[in-house]
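Notes for the one structure printed next.
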Amino acid sequence: MFNNRSYCGELGIEDNGKEVTVFGWVDRKRDLGGVVFLEIRDVTGIIQAVFDSSFSKENAEIADSTRSEFVVAVTGKVRERSPETINPNIPTGNIEIFASSIEILNKSLVPPFPIDIRENVNEEVRLKYRYLDLRREDMKEAILKRHKMMQLTREYLSSHRFIEIETPILNKSTPEGARDFLVPSRINKGEFYALPQSPQLFKQILMVSGFDRYFQIVKCFRDEDLRNDRQPEFTQIDMELSFITPKMIMEIIEGLIKKAVKELTGREIDYSFPVMDYDEAISKYGTDAPDTRVSIEIRDCSDIFVNSSFNVFSSSLSTGGVIKGIAVPDSGKLSRKMTDDYSDYVRKFGAKGFPMFKYNDGKLEGGISKFISEDEKLKLIERFDLKEPSVVFFSVDKEQIVNATLAHMRLKIARDLDLIDDNKLNFLWVTNFPLIEYHEEDRRFYAVHHPFTAPVADHIPLLDSLTPENAKKIKAQAYDIVLNGVEIGGGSIRIHDSSLQSKIFNILGISEEEARVKFSFLLDALQYGAPPHGGIALGLDRIMMLLLKRSSIREVMAFPKTQKGQCMMSEAPSPVTEEQLNELSIRIVKK
RNA sequence: GGGGUUUUAGCUCAGUUGGUUAGAGUACCUGCCUGUCACGCAGGGGGCCGCGGGUUCAAGUCCCGUAAACCCCGCCA
């Protein structure tokens, strides 16, 4: 009976007069007594079916007995609606099915929330009944477009000579980076697999194997706390290429992204993605993932206040702090309450306050203006290029805190003042990341990207005279791609020389023995004719979130987890039986 | 580990200064209705006010604790 099916949303005026059968869910029922209208919904859309009791009383009664979300088969003739009965609100609104039969294939309980998306439903309930939520238009669109994204990615990369190769999910736990999800091994008691944070090592191995260009749309796992753009399992479009430069990789990615934007949103990106130096990003925006939709830039004012009589400023400078600020164009929208709230809000970034003054017509007013000398005033006007009425905010602390504070506040204030153009898609490459950074607390170096990232060739000699101070001068051949202030991908050229790789491990405090235990296969492989290679990984979920303008990546994933990492539908994670634990030689320690 | 917001009918929400029997819209049930399209009209049922303590003559409302969801800091090479 399921042969010769028509899809609701695909019927059109060209089917006029044709006898069709549709299968779907009762989206809505309108019973007018003698005539019953059912809107039938399937994956493609909605069509109206008409049951006329003077034509078939029995069919009309069956139609009337249906309820929301019943599954039905409806057969009838497609017919054009008379002009006054056309519904312009749905794509199939100029036709309807004049039903000759209806069969109820399954009943449904009353759904816990409406399937049409006229009102927002609590996410907790949506996640519990995700199968119903996925019937809703927004989720359906997200899932279908995600499919499209994966399809066009496969097409694009395949046509650029990439080969899709799967890598293991059961992996070896490695030091560095995010916390691993561990999987106990029954056969090897007391030992564990780790789920991959990314297929990093395997894709490099594939380059040594000569596959030349690899890609995979792959799940990655990181056992870290969740955010609206972070889930414990997420999907990467992962790539690795041999005989390649950063520029070549960036061009390939740019092509892919532009194609994706075109096919998913219908929009054309008519600029080539700007490339910004890491140092410039930090100094202008305080972050390595700047949102350039907001033009407000950070300016360092430390030099202006060296001899300041304002104790808060001068004492901070004399203890190694910095003073930076942002100028926000504003003619009165920023209220006293808002600026007061801000000075409290910045505490979350470690800042102690958020001093400000107002600029208007050549004069400084309010806030800390009374502590600013005439000379400092002139320099500030020049530094921030003050012309329009503005409010200037400062952050005074250690550089890291200042950067974090101003990076967040320039966006928060821009949002509060409605200065962000929601329709912009600002792509940006950030390059020339430092290779390593020194952590004061642990007294050791960490890889900024990962331990396999190649330094800029000219900087390799600096590795021999490394100190915590000059570490940041050594740049990596690494690049991130940023969209509207969100990192949507990153990659690097890798080390293909085993002695350089050993040297880097050494610097990172990974002993020769440890390196041998953890990555011997990579070090070995690098000695058997490893080609120069590099790669990149794109965050599929984040790209979908941004292109579809959704508030979180959960809105573009079929079955996401809550912030505590639980699945509201299946109720994972869950306890396991004593037998299961015994088999794995695992004992739970109660705390 | 920490900060914030929220939690009242199936769903979305209101609930004043602590004071009668906790409301609205929608959904649901019943009936009427032959061109609706968020159909309409009439009637009806539906509440552990997240949970546990406390203050009070009296708590949805005040206090303490706790749970969950969400946002954020830390964390995420």
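In the structure tokens, each chain is lettered A, B, ... as it comes, each chain's residues begin at 1, and ligands are numbered from 1 in order of appearance.
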Non-local contacts of Asp421 of chain A (10 Å; only C-alpha atoms (C1' of nucleotides); under 5 positions in same chain excluded) as a ChimeraX atom specification | /A:293-294,414-415
For all heavy atoms, I'd like the residues from the last selection saved as a PDB file, in the first residue's frame.
ATOM      1  N   ARG A 293      31.911  42.511  13.599  1.00  0.00           N
ATOM      2  CA  ARG A 293      30.668  43.251  13.337  1.00  0.00           C
ATOM      3  C   ARG A 293      30.596  44.476  14.258  1.00  0.00           C
ATOM      4  O   ARG A 293      29.875  45.420  13.979  1.00  0.00           O
ATOM      5  CB  ARG A 293      29.442  42.356  13.592  1.00  0.00           C
ATOM      6  CG  ARG A 293      29.267  41.248  12.571  1.00  0.00           C
ATOM      7  CD  ARG A 293      28.114  40.352  12.967  1.00  0.00           C
ATOM      8  NE  ARG A 293      28.286  39.825  14.321  1.00  0.00           N
ATOM      9  CZ  ARG A 293      27.347  39.171  14.982  1.00  0.00           C
ATOM     10  NH1 ARG A 293      26.166  38.978  14.429  1.00  0.00           N
ATOM     11  NH2 ARG A 293      27.582  38.705  16.195  1.00  0.00           N
ATOM     12  N   VAL A 294      31.327  44.414  15.353  1.00  0.00           N
ATOM     13  CA  VAL A 294      31.389  45.542  16.277  1.00  0.00           C
ATOM     14  C   VAL A 294      32.692  46.288  16.030  1.00  0.00           C
ATOM     15  O   VAL A 294      33.776  45.713  16.142  1.00  0.00           O
ATOM     16  CB  VAL A 294      31.316  45.056  17.736  1.00  0.00           C
ATOM     17  CG1 VAL A 294      31.455  46.219  18.698  1.00  0.00           C
ATOM     18  CG2 VAL A 294      30.015  44.299  17.987  1.00  0.00           C
ATOM     19  N   ALA A 414      27.737  46.591  23.013  1.00  0.00           N
ATOM     20  CA  ALA A 414      27.210  46.686  21.643  1.00  0.00           C
ATOM     21  C   ALA A 414      25.836  46.017  21.550  1.00  0.00           C
ATOM     22  O   ALA A 414      24.927  46.539  20.897  1.00  0.00           O
ATOM     23  CB  ALA A 414      28.185  46.051  20.661  1.00  0.00           C
ATOM     24  N   ARG A 415      25.697  44.894  22.223  1.00  0.00           N
ATOM     25  CA  ARG A 415      24.391  44.222  22.228  1.00  0.00           C
ATOM     26  C   ARG A 415      23.352  45.078  22.931  1.00  0.00           C
ATOM     27  O   ARG A 415      22.247  45.274  22.432  1.00  0.00           O
ATOM     28  CB  ARG A 415      24.490  42.859  22.937  1.00  0.00           C
ATOM     29  CG  ARG A 415      24.737  41.682  22.011  1.00  0.00           C
ATOM     30  CD  ARG A 415      24.479  40.360  22.722  1.00  0.00           C
ATOM     31  NE  ARG A 415      25.299  40.194  23.899  1.00  0.00           N
ATOM     32  CZ  ARG A 415      26.540  39.708  23.895  1.00  0.00           C
ATOM     33  NH1 ARG A 415      27.089  39.341  22.754  1.00  0.00           N
ATOM     34  NH2 ARG A 415      27.227  39.592  25.004  1.00  0.00           N
TER      35      ARG A 415
END
Could you give me the residues within segment 225-422 of chain A that DSSP places in alpha helix (DSSP H), as a ChimeraX atom specification?
-> /A:246-265,278-285,311-318,336-345,374-383,399-416
At most 9 Å to chain A: residues in chain B, only C-alpha atoms (C1' of nucleotides), as a list in words = G3, G10, C11, U12, A27, C28, C32, C33, U34, G35, U36, C37, A38, C39, G40, A69, C70, C71, C72, C73, C75, C76 and A77 of chain B
With only C-alpha atoms as the basis for distance, which of A:Gly286, A:Phe445, A:Lys424, A:Asn506 is at the shortest distance from Gln400 of chain A?
-> A:Gly286
Please give the complete set of residues from segment 278-502 of chain A that DSSP, run on the backbone, assigns to strand (DSSP E or B), formatted as a PyMOL selection string.
-> chain A and resi 298-300+322-329+356-360+363-365+390-397+427-431+434+436-439+444-447+453+455+475-476+478-483+486-494
Could you give me, as a list of chain:residue names, the residues within 9 Å of U56 of chain B, counting only C-alpha atoms (C1' of nucleotides) and dropping anything in the same chain fewer than 2 positions from it?
-> B:G18, B:A58, B:A59
Those residues with N, CA and C atoms (P, O5', C5', C4', C3', O3' and C1' of nucleotides), as an mmCIF file, in the first residue's frame please?
data_model
loop_
_atom_site.group_PDB
_atom_site.id
_atom_site.type_symbol
_atom_site.label_atom_id
_atom_site.label_comp_id
_atom_site.auth_asym_id
_atom_site.auth_seq_id
_atom_site.Cartn_x
_atom_site.Cartn_y
_atom_site.Cartn_z
ATOM 1 P P G B 18 4.082 41.387 51.787
ATOM 2 O "O5'" G B 18 3.040 40.193 51.893
ATOM 3 C "C5'" G B 18 2.786 39.364 50.757
ATOM 4 C "C4'" G B 18 1.734 38.341 51.122
ATOM 5 C "C3'" G B 18 0.415 38.941 51.574
ATOM 6 O "O3'" G B 18 -0.623 38.030 51.212
ATOM 7 C "C1'" G B 18 1.282 37.623 53.294
ATOM 8 P P A B 58 -0.324 29.944 61.745
ATOM 9 O "O5'" A B 58 -0.932 30.470 60.373
ATOM 10 C "C5'" A B 58 -2.056 29.810 59.794
ATOM 11 C "C4'" A B 58 -2.533 30.553 58.581
ATOM 12 C "C3'" A B 58 -1.476 30.751 57.493
ATOM 13 O "O3'" A B 58 -1.356 29.619 56.680
ATOM 14 C "C1'" A B 58 -2.630 32.789 57.894
ATOM 15 P P A B 59 0.058 29.191 56.056
ATOM 16 O "O5'" A B 59 0.349 30.377 55.031
ATOM 17 C "C5'" A B 59 -0.507 30.623 53.908
ATOM 18 C "C4'" A B 59 0.333 30.849 52.672
ATOM 19 C "C3'" A B 59 1.183 29.646 52.256
ATOM 20 O "O3'" A B 59 1.322 29.655 50.844
ATOM 21 C "C1'" A B 59 2.604 31.440 52.773
#
Test item: residues at most 10 Å from C51 of chain B, only C-alpha atoms (C1' of nucleotides), excluding those fewer than 2 positions along its chain, as an mmCIF file with N, CA and C atoms (P, O5', C5', C4', C3', O3' and C1' of nucleotides), in the first residue's frame:
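Final file, result.cif:
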data_model
loop_
_atom_site.group_PDB
_atom_site.id
_atom_site.type_symbol
_atom_site.label_atom_id
_atom_site.label_comp_id
_atom_site.auth_asym_id
_atom_site.auth_seq_id
_atom_site.Cartn_x
_atom_site.Cartn_y
_atom_site.Cartn_z
ATOM 1 P P C B 48 -1.025 18.568 41.093
ATOM 2 O "O5'" C B 48 -0.507 18.373 42.576
ATOM 3 C "C5'" C B 48 -1.075 19.107 43.651
ATOM 4 C "C4'" C B 48 0.041 19.604 44.552
ATOM 5 C "C3'" C B 48 1.185 20.246 43.795
ATOM 6 O "O3'" C B 48 1.538 21.558 44.176
ATOM 7 C "C1'" C B 48 1.994 18.483 45.174
ATOM 8 P P U B 66 22.292 23.894 49.951
ATOM 9 O "O5'" U B 66 21.271 22.924 49.210
ATOM 10 C "C5'" U B 66 21.161 21.561 49.600
ATOM 11 C "C4'" U B 66 20.003 20.905 48.878
ATOM 12 C "C3'" U B 66 20.077 20.948 47.356
ATOM 13 O "O3'" U B 66 20.908 19.932 46.834
ATOM 14 C "C1'" U B 66 17.917 21.586 48.062
ATOM 15 P P A B 67 21.597 20.093 45.418
ATOM 16 O "O5'" A B 67 20.409 19.743 44.422
ATOM 17 C "C5'" A B 67 19.864 18.431 44.404
ATOM 18 C "C4'" A B 67 18.689 18.387 43.460
ATOM 19 C "C3'" A B 67 18.965 18.886 42.051
ATOM 20 O "O3'" A B 67 19.570 17.889 41.262
ATOM 21 C "C1'" A B 67 16.958 19.844 42.838
#
Measure the distance from atom CA of Glu399 of chain A to atom CA of Val486 of chain A in Å and round it to one decimal.
-> 22.0 Å
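Closest approach to Tyr214 of chain A among A:Leu386, A:Leu132, A:Met149, A:Ala537 is made by A:Ala537 (distances from only C-alpha atoms).
Around G65 of chain B, within 12 Å and counting only C-alpha atoms (C1' of nucleotides), the residues found are C51, G52, G53 and G54 of chain B, once anything fewer than 4 positions away on its own chain is removed.
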Could those selected residues go to a file with N, CA, C and O atoms (P, O5', C5', C4', C3', O3' and C1' of nucleotides), as a short mmCIF file (atom, residue, chain, number, x, y, z; two decimals), in the first residue's frame?
data_model
loop_
_atom_site.label_atom_id
_atom_site.label_comp_id
_atom_site.auth_asym_id
_atom_site.auth_seq_id
_atom_site.Cartn_x
_atom_site.Cartn_y
_atom_site.Cartn_z
P C B 51 6.23 21.11 44.85
"O5'" C B 51 7.40 20.31 45.58
"C5'" C B 51 7.72 18.98 45.22
"C4'" C B 51 8.97 18.55 45.93
"C3'" C B 51 8.98 18.83 47.43
"O3'" C B 51 8.30 17.85 48.17
"C1'" C B 51 11.01 19.57 46.49
P G B 52 7.61 18.24 49.57
"O5'" G B 52 8.85 18.51 50.52
"C5'" G B 52 9.78 17.47 50.81
"C4'" G B 52 10.81 17.95 51.78
"C3'" G B 52 10.28 18.76 52.95
"O3'" G B 52 9.72 17.93 53.94
"C1'" G B 52 12.18 19.83 52.06
P G B 53 8.87 18.63 55.14
"O5'" G B 53 10.05 19.36 55.89
"C5'" G B 53 9.79 20.19 56.98
"C4'" G B 53 11.03 20.94 57.36
"C3'" G B 53 10.74 22.22 58.12
"O3'" G B 53 10.51 21.96 59.49
"C1'" G B 53 12.20 22.71 56.35
P G B 54 9.15 22.50 60.12
"O5'" G B 54 9.51 24.04 60.28
"C5'" G B 54 10.66 24.41 61.05
"C4'" G B 54 11.09 25.82 60.74
"C3'" G B 54 10.11 26.92 61.10
"O3'" G B 54 10.10 27.20 62.49
"C1'" G B 54 11.04 27.35 58.98
#
Show me, as a compact mmCIF listing (two decimals) with all heavy atoms, in the first residue's frame, the residues that have an atom within 9 Å of segment 364-371 of chain A when counting only C-alpha atoms (C1' of nucleotides), minus same-chain residues fewer than 5 positions from it.
# COMPACT_ATOMS: atom_id res chain seq x y z
N SER A 308 49.96 59.62 36.23
CA SER A 308 48.63 60.03 36.66
C SER A 308 48.57 60.29 38.17
O SER A 308 49.19 59.58 38.96
CB SER A 308 47.62 58.94 36.29
OG SER A 308 46.37 59.25 36.85
N SER A 309 47.80 61.31 38.53
CA SER A 309 47.59 61.58 39.95
C SER A 309 46.47 60.70 40.50
O SER A 309 46.21 60.67 41.68
CB SER A 309 47.22 63.05 40.14
OG SER A 309 46.05 63.33 39.40
N PHE A 310 45.78 60.01 39.59
CA PHE A 310 44.71 59.09 39.99
C PHE A 310 45.37 57.81 40.49
O PHE A 310 45.90 57.01 39.72
CB PHE A 310 43.79 58.82 38.80
CG PHE A 310 42.57 58.02 39.14
CD1 PHE A 310 42.01 58.04 40.42
CD2 PHE A 310 41.96 57.24 38.16
CE1 PHE A 310 40.87 57.31 40.71
CE2 PHE A 310 40.83 56.50 38.45
CZ PHE A 310 40.28 56.54 39.73
N PRO A 355 35.90 51.66 35.38
CA PRO A 355 35.84 53.12 35.38
C PRO A 355 35.50 53.70 34.00
O PRO A 355 35.87 53.13 32.99
CB PRO A 355 37.25 53.53 35.81
CG PRO A 355 38.10 52.33 35.63
CD PRO A 355 37.21 51.15 35.77
N MET A 356 34.80 54.83 34.01
CA MET A 356 34.37 55.42 32.74
C MET A 356 34.28 56.92 32.86
O MET A 356 34.34 57.49 33.96
CB MET A 356 33.00 54.87 32.34
CG MET A 356 31.90 54.90 33.39
SD MET A 356 31.15 56.51 33.78
CE MET A 356 30.18 56.81 32.32
N PHE A 357 34.26 57.58 31.72
CA PHE A 357 33.85 58.98 31.68
C PHE A 357 33.08 59.21 30.40
O PHE A 357 33.13 58.40 29.48
CB PHE A 357 35.07 59.92 31.79
CG PHE A 357 36.03 59.86 30.64
CD1 PHE A 357 35.72 60.45 29.41
CD2 PHE A 357 37.26 59.22 30.79
CE1 PHE A 357 36.61 60.38 28.35
CE2 PHE A 357 38.15 59.15 29.73
CZ PHE A 357 37.82 59.73 28.51
N LYS A 358 32.34 60.30 30.38
CA LYS A 358 31.59 60.64 29.17
C LYS A 358 32.31 61.74 28.41
O LYS A 358 32.92 62.62 29.04
CB LYS A 358 30.18 61.12 29.54
CG LYS A 358 29.32 60.00 30.06
CD LYS A 358 27.91 60.48 30.36
CE LYS A 358 27.08 59.32 30.87
NZ LYS A 358 25.71 59.71 31.18
N TYR A 359 32.27 61.66 27.12
CA TYR A 359 32.85 62.71 26.27
C TYR A 359 31.72 63.39 25.52
O TYR A 359 30.86 62.71 24.94
CB TYR A 359 33.84 62.11 25.28
CG TYR A 359 34.32 63.12 24.26
CD1 TYR A 359 35.37 63.99 24.56
CD2 TYR A 359 33.70 63.22 23.01
CE1 TYR A 359 35.79 64.94 23.64
CE2 TYR A 359 34.11 64.16 22.09
CZ TYR A 359 35.15 65.01 22.40
OH TYR A 359 35.56 65.95 21.49
N LYS A 377 43.78 64.40 29.14
CA LYS A 377 42.53 64.57 28.42
C LYS A 377 42.77 64.70 26.91
O LYS A 377 42.14 64.00 26.10
CB LYS A 377 41.80 65.81 28.93
CG LYS A 377 40.52 66.13 28.18
CD LYS A 377 39.90 67.42 28.68
CE LYS A 377 39.44 68.25 27.50
NZ LYS A 377 38.90 69.55 27.90
Provide the atom CA of Leu170 of chain A to atom CA of Phe202 of chain A distance in Å, to one decimal place.
->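 About the pair atom CA of Leu170 of chain A and atom CA of Phe202 of chain A: they are 12.0 Å apart.
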Neighbour list for segment 61-76 of chain A as a ChimeraX atom specification, cut-off 9 Å, only C-alpha atoms (C1' of nucleotides), skip fewer than 2 positions in-chain | /A:18-31,36-38,40,49,51,53,56-59,78,97-111,115
In Å, rounded to a single decimal, give me how far atom CA of Ser395 of chain A is from atom CA of Phe313 of chain A.
->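 That distance, rounded to one decimal, is 9.6 Å.
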Nearest-residue call for U8 of chain B, choices B:G50, B:G25, B:G44, B:G31, using only C-alpha atoms (C1' of nucleotides) |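 Closest to U8 of chain B of all the choices is B:G50.
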Name the closest residue to Lys219 of chain A among the candidates A:Glu382, A:Asp541, A:Asp180, A:Glu513; distances are taken between atoms, counting only C-alpha atoms.
->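 Under the stated criterion, the closest residue is A:Asp541.
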